[in-house]
file my_file20.cif (mmCIF, C-alpha atoms and all ligand atoms)
data_final
#
loop_
_atom_site.label_atom_id
_atom_site.label_comp_id
_atom_site.auth_asym_id
_atom_site.auth_seq_id
_atom_site.Cartn_x
_atom_site.Cartn_y
_atom_site.Cartn_z
CA MET A 1 -10.21 9.76 -14.38
CA PRO A 2 -6.83 10.43 -12.72
CA LYS A 3 -3.88 11.78 -14.71
CA ILE A 4 -1.36 9.71 -12.85
CA ILE A 5 -1.50 6.71 -10.50
CA LEU A 6 1.28 5.97 -8.02
CA LEU A 7 1.41 2.34 -6.93
CA PHE A 8 3.25 1.80 -3.63
CA SER A 9 4.51 -1.53 -2.40
CA GLY A 10 6.55 -2.49 0.64
CA LYS A 11 6.76 -5.04 3.38
CA ARG A 12 5.07 -4.73 6.75
CA LYS A 13 6.22 -1.66 8.69
CA SER A 14 8.37 -0.44 5.81
CA GLY A 15 6.43 2.81 6.11
CA LYS A 16 3.86 2.74 3.30
CA ASP A 17 1.21 4.62 5.29
CA PHE A 18 3.75 7.02 6.77
CA LEU A 19 5.16 8.09 3.39
CA THR A 20 1.89 8.13 1.48
CA ASP A 21 0.19 10.17 4.24
CA HIS A 22 2.99 12.74 3.99
CA LEU A 23 2.79 12.77 0.23
CA GLN A 24 -0.94 13.41 0.48
CA LYS A 25 -0.32 16.43 2.71
CA VAL A 26 2.12 17.85 0.16
CA LEU A 27 -0.18 17.24 -2.80
CA ASN A 28 -3.09 18.55 -0.81
CA ASP A 29 -6.42 18.39 -2.63
CA LYS A 30 -4.86 17.12 -5.88
CA CYS A 31 -4.76 13.55 -4.69
CA GLU A 32 -6.67 10.64 -3.30
CA ILE A 33 -5.28 7.73 -1.29
CA ILE A 34 -6.66 4.38 -2.35
CA LYS A 35 -6.18 1.23 -0.33
CA ILE A 36 -6.88 -2.14 -1.90
CA SER A 37 -7.32 -3.41 1.64
CA HIS A 38 -10.22 -0.98 2.22
CA PRO A 39 -12.96 -2.99 0.45
CA ILE A 40 -11.57 -6.13 2.12
CA LYS A 41 -11.75 -4.56 5.57
CA SER A 42 -15.15 -2.95 5.11
CA TYR A 43 -16.69 -6.25 4.01
CA TRP A 44 -14.95 -8.08 6.86
CA ALA A 45 -16.06 -5.52 9.45
CA LYS A 46 -19.66 -5.70 8.29
CA GLU A 47 -19.79 -9.50 8.26
CA ASN A 48 -18.19 -9.84 11.69
CA ASN A 49 -19.61 -6.78 13.39
CA LEU A 50 -16.21 -5.14 13.92
CA ASN A 51 -15.05 -1.55 14.11
CA LEU A 52 -13.97 -0.51 10.60
CA ASP A 53 -11.93 2.51 11.72
CA GLU A 54 -9.85 0.34 14.02
CA LEU A 55 -9.31 -2.18 11.24
CA LEU A 56 -8.16 0.61 8.91
CA SER A 57 -5.71 2.10 11.38
CA ALA A 58 -2.25 0.80 12.31
CA SER A 59 -3.62 -0.76 15.48
CA LYS A 60 -3.12 -4.11 17.20
CA TYR A 61 -6.77 -4.77 16.38
CA LYS A 62 -5.88 -4.99 12.69
CA GLU A 63 -3.13 -7.53 13.43
CA GLN A 64 -5.66 -9.70 15.27
CA TYR A 65 -7.71 -10.20 12.10
CA ARG A 66 -4.92 -10.05 9.51
CA LEU A 67 -4.65 -13.82 9.01
CA ASP A 68 -8.40 -14.43 8.70
CA MET A 69 -8.83 -11.53 6.30
CA LEU A 70 -5.92 -12.82 4.27
CA LYS A 71 -7.40 -16.30 3.91
CA TRP A 72 -10.81 -15.00 2.94
CA SER A 73 -9.48 -12.43 0.49
CA ASP A 74 -7.26 -15.06 -1.17
CA GLU A 75 -10.35 -17.16 -1.84
CA MET A 76 -12.07 -14.16 -3.41
CA ARG A 77 -8.97 -13.36 -5.52
CA GLY A 78 -8.87 -16.97 -6.71
CA LYS A 79 -12.23 -16.36 -8.40
CA ASP A 80 -11.44 -12.84 -9.70
CA TYR A 81 -7.94 -11.44 -9.18
CA GLY A 82 -9.06 -7.87 -9.81
CA CYS A 83 -12.06 -7.84 -7.47
CA PHE A 84 -10.53 -5.71 -4.69
CA CYS A 85 -8.52 -3.44 -7.01
CA ARG A 86 -11.71 -2.75 -8.97
CA ALA A 87 -13.80 -2.11 -5.83
CA ALA A 88 -11.16 0.23 -4.40
CA CYS A 89 -10.95 2.25 -7.63
CA GLN A 90 -14.73 2.39 -8.05
CA ASN A 91 -14.99 4.12 -4.68
CA ALA A 92 -12.19 6.60 -5.42
CA ALA A 93 -12.89 10.28 -6.03
CA ASP A 94 -12.18 11.73 -9.43
CA ASN A 95 -8.86 13.37 -8.55
CA THR A 96 -5.66 14.25 -10.44
CA VAL A 97 -3.36 11.82 -8.60
CA TRP A 98 -4.30 8.48 -7.17
CA ILE A 99 -1.97 7.08 -4.54
CA VAL A 100 -2.51 3.35 -4.15
CA SER A 101 -0.71 2.62 -0.91
CA ASP A 102 -0.78 -1.18 -0.70
CA ILE A 103 0.08 -3.03 -3.89
CA ARG A 104 0.99 -6.55 -2.76
CA ARG A 105 0.77 -9.04 -5.58
CA LYS A 106 1.77 -9.51 -9.19
CA THR A 107 -1.93 -9.80 -9.98
CA ASP A 108 -2.54 -6.32 -8.44
CA MET A 109 0.15 -4.98 -10.75
CA LYS A 110 -1.35 -6.90 -13.67
CA TRP A 111 -4.83 -5.50 -13.03
CA PHE A 112 -3.60 -1.90 -12.85
CA LYS A 113 -1.47 -2.34 -15.99
CA GLU A 114 -4.43 -3.78 -17.88
CA ASN A 115 -6.77 -1.02 -16.79
CA TYR A 116 -4.58 2.08 -16.35
CA GLY A 117 -1.23 1.13 -17.96
CA PRO A 118 0.03 4.50 -19.30
CA LEU A 119 -0.84 6.34 -16.09
CA LEU A 120 1.18 4.18 -13.71
CA LYS A 121 4.34 4.85 -11.73
CA THR A 122 5.49 2.12 -9.36
CA ILE A 123 7.34 2.69 -6.10
CA ARG A 124 8.86 0.13 -3.75
CA ILE A 125 9.52 1.16 -0.14
CA THR A 126 12.25 -0.82 1.58
CA ALA A 127 13.48 -0.89 5.17
CA ASP A 128 15.94 -3.12 6.99
CA GLU A 129 14.41 -5.72 9.29
CA GLU A 130 15.79 -4.16 12.45
CA THR A 131 14.08 -0.85 11.73
CA ARG A 132 10.84 -2.63 10.86
CA LYS A 133 11.06 -4.48 14.18
CA GLU A 134 11.51 -1.20 16.04
CA ARG A 135 8.27 -0.10 14.36
CA GLY A 136 6.41 -3.15 15.65
CA PHE A 137 7.12 -5.79 13.03
CA ASP A 138 7.15 -9.28 14.45
CA PHE A 139 7.53 -12.17 11.99
CA GLN A 140 4.45 -14.34 11.80
CA ALA A 141 4.41 -17.57 9.84
CA GLY A 142 1.42 -17.66 7.51
CA ILE A 143 1.51 -13.88 7.12
CA ASP A 144 5.07 -12.81 6.42
CA ASP A 145 6.09 -15.82 4.34
CA VAL A 146 3.12 -15.93 1.95
CA ALA A 147 2.14 -14.17 -1.27
CA SER A 148 0.62 -11.03 0.28
CA GLU A 149 4.01 -10.10 1.75
CA CYS A 150 6.42 -11.78 -0.67
CA ASP A 151 4.89 -11.90 -4.15
CA LEU A 152 6.56 -8.66 -5.27
CA ASP A 153 9.94 -9.36 -3.65
CA ASP A 154 11.34 -10.48 -6.99
CA TYR A 155 9.72 -7.71 -9.04
CA THR A 156 12.48 -5.47 -10.34
CA ASP A 157 10.80 -3.06 -12.69
CA TRP A 158 10.06 -0.27 -10.16
CA ASP A 159 10.13 3.34 -11.33
CA LEU A 160 11.53 4.26 -7.93
CA VAL A 161 12.86 2.43 -4.88
CA ILE A 162 12.89 4.39 -1.61
CA ASP A 163 14.96 3.28 1.35
CA ASN A 164 12.91 4.06 4.44
CA GLY A 165 15.12 2.15 6.84
CA ARG A 166 18.13 3.01 8.95
CA ASN A 167 19.96 4.67 6.04
CA ARG A 168 16.99 6.66 4.79
CA GLN A 169 17.24 10.18 3.44
CA LYS A 170 15.39 13.06 5.07
CA LEU A 171 11.64 12.89 4.63
CA GLU A 172 11.63 15.96 2.33
CA ASP A 173 14.14 14.27 0.03
CA GLN A 174 12.12 11.06 0.01
CA ILE A 175 9.00 13.04 -0.92
CA ASP A 176 10.92 15.03 -3.57
CA SER A 177 12.01 11.82 -5.26
CA ILE A 178 8.34 10.82 -5.55
CA LEU A 179 7.30 14.27 -6.78
CA ALA A 180 9.94 14.00 -9.52
CA LEU A 181 7.91 11.12 -10.96
CA LEU A 182 4.93 13.44 -11.28
CA THR A 183 6.74 16.27 -13.03
CA TYR A 184 5.86 15.17 -16.53
CA GLY A 185 2.63 13.45 -15.56
CA ILE A 186 0.49 16.37 -14.36
N1 LIG A 201 10.58 7.56 7.99
C1 LIG A 201 9.96 7.35 9.17
N2 LIG A 201 10.27 8.12 10.24
C2 LIG A 201 9.65 7.93 11.42
N3 LIG A 201 8.70 6.99 11.65
C3 LIG A 201 8.36 6.20 10.62
C4 LIG A 201 8.96 6.34 9.33
N4 LIG A 201 8.40 5.43 8.51
C5 LIG A 201 7.49 4.76 9.26
N5 LIG A 201 7.46 5.21 10.52
C6 LIG A 201 6.59 4.70 11.62
O1 LIG A 201 6.66 3.29 11.63
C7 LIG A 201 5.37 2.71 11.90
C8 LIG A 201 4.98 1.78 10.77
O2 LIG A 201 4.83 2.54 9.57
P1 LIG A 201 3.59 2.36 8.60
O3 LIG A 201 2.32 2.11 9.36
O4 LIG A 201 3.61 3.50 7.64
O5 LIG A 201 4.06 1.01 7.87
P2 LIG A 201 3.26 0.18 6.79
O6 LIG A 201 4.28 -0.23 5.75
O7 LIG A 201 2.08 0.94 6.31
O8 LIG A 201 2.86 -1.09 7.66
P3 LIG A 201 1.65 -2.16 7.50
O9 LIG A 201 1.98 -2.95 6.24
O10 LIG A 201 1.75 -2.97 8.72
O11 LIG A 201 0.38 -1.38 7.37
C9 LIG A 201 4.41 3.87 12.09
O12 LIG A 201 4.26 4.14 13.46
C10 LIG A 201 5.11 5.03 11.37
O13 LIG A 201 4.77 6.29 11.93
#
call {"tool": "encode", "arguments": {"input": "my_file20.cif", "output": "structure tokens"}}
result
Amino acid sequence: MPKIILLFSGKRKSGKDFLTDHLQKVLNDKCEIIKISHPIKSYWAKENNLNLDELLSASKYKEQYRLDMLKWSDEMRGKDYGCFCRAACQNAADNTVWIVSDIRRKTDMKWFKENYGPLLKTIRITADEETRKERGFDFQAGIDDVASECDLDDYTDWDLVIDNGRNRQKLEDQIDSILALLTYGI
């Protein structure tokens, strides 16, 4: 059982992987990165005979299957909104800090609150559209205007909001602001 769980949310190319990977390096063996998309991608890769590592990385390959995976996973969520959150947590190692790097929906938030409420800290990563475009973001109807990208846009109860766009602070300061959330937790 973790002592604290950090839930990260942010739009495409806001820098969720970048910041959580750095945080993991700082926390070293105290933490575990959990991706809700992992059980989705591993099932999808198996069913369609695809390369799981490529699907998990920030490659073009992943973009190719994003829409299909989204449709399928929405159907699964319709039956059980916690199915992927639960599968991702079941596979997680028993570590002090869990970093969930891809919270996308109000139902993800709901599931974590119901199951791990007192342990949670929530973090929203933001970045201006121009910066996201420089990082490879290209608006796609059906992906960027649906729930998986937009459902948490009107959520306001974040413990921390980090600007990772043009006006961002230095990486060390960004990481320090996250570590400050842990001070009383571990
Ligand atoms: N603060 C930063 N400084 C330099 N490069 C950054 C920064 N933040 C993100 N990047 C780069 O921008 C690209 C996109 O970032 P990243 O993959 O972390 O975004 P993401 O939010 O996880 O995107 P997706 O939702 O598509 O998975 C990566 O190449 C990453 O290295």
call {"tool": "atom_distance", "arguments": {"input": "my_file20.cif", "atom1": "CA of Asp53 (chain A)", "atom2": "CA of Arg12 (chain A)"}}
result
19.1 Å
call {"tool": "atom_distance", "arguments": {"input": "my_file20.cif", "atom1": "CA of Asp159 (chain A)", "atom2": "CA of Leu181 (chain A)"}}
result
8.1 Å
call {"tool": "atom_distance", "arguments": {"input": "my_file20.cif", "atom1": "CA of Thr131 (chain A)", "atom2": "CA of Ala147 (chain A)"}}
result
22.1 Å
call {"tool": "residues_near_ligand", "arguments": {"input": "my_file20.cif", "ligand": "ligand LIG 201 (chain A)", "cutoff": "7 Å", "atoms": "all atoms listed in the file", "output": "number ranges by chain"}}
result
A: 10-19, 58, 135, 164, 171
call {"tool": "closest_residue", "arguments": {"input": "my_file20.cif", "among": "A:Trp44, A:Ser37, A:Lys71, A:Lys3", "to": "Ser57 (chain A)", "atoms": "all atoms listed in the file"}}
result
A:Ser37
call {"tool": "closest_atom_pairs", "arguments": {"input": "my_file20.cif", "of": "region 35-76 of chain A", "to": "region 83-100 of chain A", "cutoff": "12 Å", "atoms": "all atoms listed in the file", "output": "JSON lines"}}
result
{"residue": "A:Lys35", "atom": "CA", "partner": "A:Val100", "partner_atom": "CA", "distance": 5.7}
{"residue": "A:Ile36", "atom": "CA", "partner": "A:Ala88", "partner_atom": "CA", "distance": 5.5}
{"residue": "A:Ser37", "atom": "CA", "partner": "A:Phe84", "partner_atom": "CA", "distance": 7.5}
{"residue": "A:His38", "atom": "CA", "partner": "A:Ala88", "partner_atom": "CA", "distance": 6.8}
{"residue": "A:Pro39", "atom": "CA", "partner": "A:Ala88", "partner_atom": "CA", "distance": 6.1}
{"residue": "A:Ile40", "atom": "CA", "partner": "A:Phe84", "partner_atom": "CA", "distance": 6.9}
{"residue": "A:Lys41", "atom": "CA", "partner": "A:Phe84", "partner_atom": "CA", "distance": 10.4}
{"residue": "A:Ser42", "atom": "CA", "partner": "A:Ala88", "partner_atom": "CA", "distance": 10.8}
{"residue": "A:Tyr43", "atom": "CA", "partner": "A:Phe84", "partner_atom": "CA", "distance": 10.7}
{"residue": "A:Ser73", "atom": "CA", "partner": "A:Phe84", "partner_atom": "CA", "distance": 8.5}
{"residue": "A:Asp74", "atom": "CA", "partner": "A:Phe84", "partner_atom": "CA", "distance": 10.5}
{"residue": "A:Glu75", "atom": "CA", "partner": "A:Cys83", "partner_atom": "CA", "distance": 11.0}
{"residue": "A:Met76", "atom": "CA", "partner": "A:Cys83", "partner_atom": "CA", "distance": 7.5}
call {"tool": "axis_aligned_box", "arguments": {"input": "my_file20.cif", "around": "region 161-171 of chain A", "padding_each_side": "4 Å", "output": "lines of an AutoDock Vina configuration file"}}
result
center_x = 15.8
center_y = 7.6
center_z = 2.0
size_x = 16.3
size_y = 18.9
size_z = 21.8
call {"tool": "closest_residue", "arguments": {"input": "my_file20.cif", "among": "A:Asp138, A:Asp151, A:Asp145, A:Glu129", "to": "Arg105 (chain A)", "atoms": "only C-alpha atoms"}}
result
A:Asp151
call {"tool": "decode", "arguments": {"input": "my_file20.cif", "residues": "region 25-62 of chain A", "atoms": "C-alpha atoms", "output": "short mmCIF file (atom, residue, chain, number, x, y, z; two decimals), in the first residue's frame"}}
result
data_model
loop_
_atom_site.label_atom_id
_atom_site.label_comp_id
_atom_site.auth_asym_id
_atom_site.auth_seq_id
_atom_site.Cartn_x
_atom_site.Cartn_y
_atom_site.Cartn_z
CA LYS A 25 14.56 10.03 -11.03
CA VAL A 26 14.54 12.36 -8.03
CA LEU A 27 12.48 10.03 -5.86
CA ASN A 28 14.56 7.11 -7.03
CA ASP A 29 13.44 3.75 -5.65
CA LYS A 30 10.74 5.29 -3.43
CA CYS A 31 8.26 5.53 -6.26
CA GLU A 32 6.41 3.75 -8.99
CA ILE A 33 4.95 5.27 -12.14
CA ILE A 34 1.49 3.99 -12.96
CA LYS A 35 -0.20 4.62 -16.28
CA ILE A 36 -3.91 4.01 -16.64
CA SER A 37 -3.23 3.68 -20.36
CA HIS A 38 -0.89 0.72 -19.74
CA PRO A 39 -3.57 -2.00 -19.32
CA ILE A 40 -5.41 -0.47 -22.29
CA LYS A 41 -2.32 -0.63 -24.49
CA SER A 42 -1.23 -4.08 -23.40
CA TYR A 43 -4.67 -5.53 -24.17
CA TRP A 44 -4.77 -3.67 -27.49
CA ALA A 45 -1.27 -4.81 -28.47
CA LYS A 46 -2.08 -8.43 -27.69
CA GLU A 47 -5.38 -8.43 -29.58
CA ASN A 48 -3.91 -6.74 -32.66
CA ASN A 49 -0.44 -8.23 -32.63
CA LEU A 50 1.31 -4.88 -32.15
CA ASN A 51 4.53 -3.83 -30.46
CA LEU A 52 3.67 -2.87 -26.87
CA ASP A 53 6.88 -0.90 -26.23
CA GLU A 54 6.21 1.29 -29.25
CA LEU A 55 2.64 1.86 -28.09
CA LEU A 56 3.89 2.86 -24.64
CA SER A 57 6.47 5.31 -25.93
CA ALA A 58 5.88 8.84 -27.26
CA SER A 59 6.11 7.59 -30.83
CA LYS A 60 4.10 8.24 -33.99
CA TYR A 61 3.05 4.59 -33.75
CA LYS A 62 1.01 5.41 -30.63
#
